[in-house]
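Take a look at the structure below.
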Amino acid sequence: MAYIKVPFDSQLGHRSQCRSSPRCIVLAFIVSFLAFNLFAFHTFKSQSGNDFYLSADSGKSLPPSWFDTATERTRGYRASPDWQGQWFRWRALNPNKIEQQTDDLTRFDIVYTWVNGSDPLFQTMRLESQRSSPIFQKSLHEDAKKIDTTTKRRYRDMDELRYSLRSTIDNASRFFRRIHIVTAEVATNKPQIPSWFVQKPNSPIRIVSHNTIFSNQSHLPSYNSLAIESQFMNIPGLTDIFMYMNDDFFLGLELLPSDLWTPLYGYVLHMEASLLVPPTIRSFDPNAITVGEWHSLQYSNYLLSQRFGPRHRAYIAHVVHVLSVPMLKEIQSEWPDDLELTSAHQFRGEGQGKDIHVSFFMAHYIMEKLRETQLESFWQYRLDRNQDGILDWDERRKIIDIINIWNVNQDQDTADRRQHSRPTMIHAHKATLNRIGIRMSGSTTYRQSGLDGYPYMLKNADTSKTIPVVTTKDNNGKDQPPQLPYKSYEQPKDRRCKFDVDFCLGPDFIDSTYPRIPVEQAKQIFSRVAFNEFHCGDCLLEILMQDPYRGGMGAWLPEDETSEAFASVVNKVARYNYVLGTSDYSFMALQGAKGAKKDLDILLEKQDHKAFFTINDDFPDDPVVENEIQTIFKEFLDTRFPVASPYEAVE
Ligand SMILES: *[C@@H]1O[C@H](CO)[C@@H](O)[C@H](O)[C@H]1NC(C)=O
Ligand SMILES: *[C@@H]1O[C@H](CO)[C@@H](O)[C@H](O)[C@H]1NC(C)=O
Ligand SMILES: *[C@@H]1O[C@H](CO)[C@@H](O)[C@H](O)[C@H]1NC(C)=O
């Protein structure tokens with residue numbers, strides 16, 4: 001059958017109800033598979049070497065539903081119950097089936113957190129809270145002034161919000177629907193409002209107080225950004241997918257929805273594989289009055305590791321932070337106590353820094369869930385062919401054979417090694433997105449799709465033994481770095497792994513005289529392969545995806561595309577789909593006056609190609625330096641973002 005290259009223009013005419021409700025796309029995410037039982041579209045004949053993209057078996061007539069979409073189409077993605085299955089299984093798109101989009105169809109909200117730390121009311125409130133917070137007790141007796149200066153610095157307001165908003169309003173005008181500024185209440189029903197802010201009718205900007213979003217009001221007031229972030233899912237009227245900004249984050253170039261999420265490639269996650277967060281709880285200094293973000297990162301990874309396997313996980317880059325209400329709610333339902341405790345910690349560091357860091361947590365949660373979906377689908381629907389929960393020898397032998405052939409192939413020299421010629425999921429993604437009317441801004445580059453395998457599998461992992469959780473010492477007693485993963489954007493064909501069947505699957509699995517592995521034991525083996533010995537799972541996934549003879553999505557998706565199983569797996573894939581992206585980004589800390597001036601001048605020169613930048617104002621607390629830097633910084637901001645937004649009062 002043909003995945004017709006329908007002239008794109010012919011589809012642009014019709015209007016969609018969806019257009020007035022940007023959330024419907026995201027909604028469709030969840031409901032899209034109810035009516036999947038339609039047609040068996042394909043018989044996939046050749047096992048390798050096919051260009052799946054827009055490829056098709058010839059000779060079959062189009063299923064009637066292809067044409068019968070005139071009324072459905074107006075409902076957008078929801079009316080396209082089968083496009084996702086076709087897309088994830090075959091990388092085939094039927095443009096008739098996907099809502100013809102324009103950039104303004106999909107819009108996302110932006111959430112800022114901001115407080116005015118220079119406000120005397122806020123300062124009084126904070127000092128009072130500090131007196132009752134456990135982390136300040138000791139220092140309050142010994143050196144009360146030190147606390148005051150450190151926390152004052154953290155809450156210093158340099159008017160960044162005004163300029164960050166200018167950058168957003170100017171360069172994300174086709175990205176956002178609403179902007180929510182989440183802020184503190186300094187008196188009952190009196191949220192802080194930026195002095196320059198004017199509320200206009202139909203303004204897209206909303207002030208949201210902490211009191212509106214905290215589900216447990218006794219946790220307020222809160223001075224802990226992690227606690228505030230843990231309540232984002234309660235922001236009223238928020239789009240399901242949204243972007244989280246801090247006021248020291250600026251957009252230098254255009255931002256489009258495809259920098260955050262697309263229906264074909266899912267979430268766009270920014271990570272830094274060169275910076276790895278260990279899976280262990282970080283030791284806590286009870287006398288510390290400032291606690292950095294690493295306690296929460298490590299604690300988050302500790303929780304993720306309990307659930308998905310104990311590995312080092314990549315730091316999340318300070319770039320575009322994508323968050324999602326359904327994902328946060330899912331996390332909340334699985335870790336309710338930890339989120340509640342995070343919310344209860346009024347200052348960072350309370351509870352020994354055991355906070356959930358939502359941006360890091362959610363990004364890795366999505367990555368793990370997609371990986372889990374793939375492995376689980378294989379285990380449940382492909383390995384256990386007759387789906388009785390029991391693994392008999394015939395079923396096991398199949399995968400053991402595949403693995404053995406794979407391992408032999410991995411031993412070959414590069415030139416002799418057979419490769420799967422399947423294009424990667426993100427192959428030609430710009431053109432593909434274009435076909436459904438989604439444009440890329442150029443500010444973000446897609447590097448790897450999670451569907452092509454777990455991006456951070458370990459390089460040269462030894463699958464014949466467990467990966468140590470703690471960093472080991474070398475002969476000189478120095479910490480050995482953890483095992484390093486492949487770089488995220490390594491092409492799948494350049495990644496290698498060998499799968500040790502003895503260690504990963506265990507003696508019973510490979511024993512032909514052990515006829516039936518009962519349900520409970522089969523589940524245990526799955527946990528071992530997929531999570532406890534995560535490097536086994538990564539390699540198994542690699543085999544399923546990259547195997548030159550039978551790899552690809554067809555190796556792990558349920559075979560029968562008309563089955564409910566297929567529909568439900570595809571639904572999950574759509575839910576957890578993601579790509580890793582990179583952007584031209586810089587992080588700058590204003591330290592001394594001289595250095596600050598130099599750095600900011602460079603930033604001005606690079607004006608036309610720095611997509612994003614963060615300027616951290618955590619400089620030393622010296623009134624002279626502070627004044628100097630403040631002047632330099634203000635000058636920079638006025639030069640870089642000279643035009644007032646429509647939401648600023650005329651001065
Ligand atoms: C912050 O509070 C100070 C003191 O009340 C005020 O002068 C300043 O304008 C406020 N800044 C903003 C951005 O609202
Ligand atoms: C609200 O938080 C307090 C303090 O953490 C806790 O004691 C209380 O049980 C919480 N209330 C609810 C309804 O969860
Ligand atoms: C917005 O992006 C353009 C380039 O697309 C850039 O020239 C401009 O300076 C940016 N505006 C702001 C306020 O950064």
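Letters A, B, ... go to the chains of the structure tokens in the order shown; residues in each chain start at 1; ligands are counted from 1 in the same order.
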Dump as a Markdown table the rows for residues of chain A within 7 Å of ligand 3: closest atom pair and distance in Å with one decimal, only C-alpha atoms and all ligand atoms counted, ordered by chain and rising residue number.
```
| residue | atom | partner | partner_atom_place_in_ligand_line | distance |
| --- | --- | --- | --- | --- |
| A:Arg166 | CA | ligand 3 | 13 (C) | 5.8 |
| A:Ser167 | CA | ligand 3 | 13 (C) | 3.9 |
| A:Asp170 | CA | ligand 3 | 13 (C) | 5.3 |
| A:Asn171 | CA | ligand 3 | 1 (C) | 4.5 |
| A:Leu251 | CA | ligand 3 | 14 (O) | 5.7 |
| A:Gly252 | CA | ligand 3 | 14 (O) | 4.1 |
| A:Leu253 | CA | ligand 3 | 2 (O) | 3.7 |
| A:Glu254 | CA | ligand 3 | 5 (O) | 4.8 |
| A:Gln607 | CA | ligand 3 | 9 (O) | 6.5 |
| A:Asp608 | CA | ligand 3 | 7 (O) | 5.6 |
| A:Arg640 | CA | ligand 3 | 14 (O) | 6.8 |
| A:Phe641 | CA | ligand 3 | 13 (C) | 4.9 |
```
Counting only C-alpha atoms and all ligand atoms, which protein, DNA or RNA residues come within 10 Å of ligand 1, given as a count of residues only? 23
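Interatomic distance, atom CA of Arg371 of chain A against atom CA of Trp335 of chain A: 19.6 Å.
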Taking only C-alpha atoms and all ligand atoms into account, report as a ChimeraX atom specification which residues have an atom no farther than 12 Å from an atom of ligand 2. /A:214-220,227,336-346,350-351
DSSP on the backbone, strand (DSSP E) only: what residues of segment 112-245 of chain A does that give? Format it as a list in words.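 Checking each residue of segment 112-245 of chain A, the strand (DSSP E) ones are Tyr112, Thr113, Phe176, Arg177, Arg178, Ile179, His180, Ile181, Val182, Thr183, Glu185, Val186, Ala187, Lys190, Pro191, Ile205, Arg206, Ile207, Val208, Ser209, Ile241, Phe242, Met243, Tyr244 and Met245 of chain A.
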Give me, as a PDB file with C-alpha atoms, in the first residue's frame, all polymer residues having an atom no more than 7 Å from segment 609-613 of chain A, counting only C-alpha atoms and skipping those fewer than 2 positions away in the same chain.
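Saved as out.pdb:
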```pdb
ATOM      1  CA  PHE A 249      17.351  32.531  31.797  1.00  0.00           C
ATOM      2  CA  PHE A 250      17.146  34.423  28.507  1.00  0.00           C
ATOM      3  CA  LEU A 251      16.179  33.516  24.970  1.00  0.00           C
ATOM      4  CA  GLY A 252      18.554  34.930  22.385  1.00  0.00           C
ATOM      5  CA  LEU A 253      16.968  33.391  19.303  1.00  0.00           C
ATOM      6  CA  VAL A 319      18.542  24.994  29.011  1.00  0.00           C
ATOM      7  CA  SER A 443      17.760  26.858  18.211  1.00  0.00           C
ATOM      8  CA  SER A 583      21.331  24.003  21.839  1.00  0.00           C
ATOM      9  CA  ASP A 584      23.895  26.710  21.679  1.00  0.00           C
ATOM     10  CA  TYR A 585      23.822  27.771  25.262  1.00  0.00           C
ATOM     11  CA  SER A 586      26.005  29.512  27.797  1.00  0.00           C
ATOM     12  CA  PHE A 587      25.978  29.711  31.531  1.00  0.00           C
ATOM     13  CA  LYS A 606      27.567  36.621  19.830  1.00  0.00           C
ATOM     14  CA  GLN A 607      24.101  38.048  19.787  1.00  0.00           C
ATOM     15  CA  ILE A 615      23.311  34.769  33.926  1.00  0.00           C
TER      16      ILE A 615
END
```
Pro279 of chain A surroundings by only C-alpha atoms, 7 Å radius, close-in-sequence under 2 positions cut, as JSON, numbers by chain: {"A": [277, 281, 298, 301, 302, 305, 310, 311, 312]}
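What separates atom CA of Tyr578 of chain A from atom CA of Leu264 of chain A is a distance of 9.1 Å.
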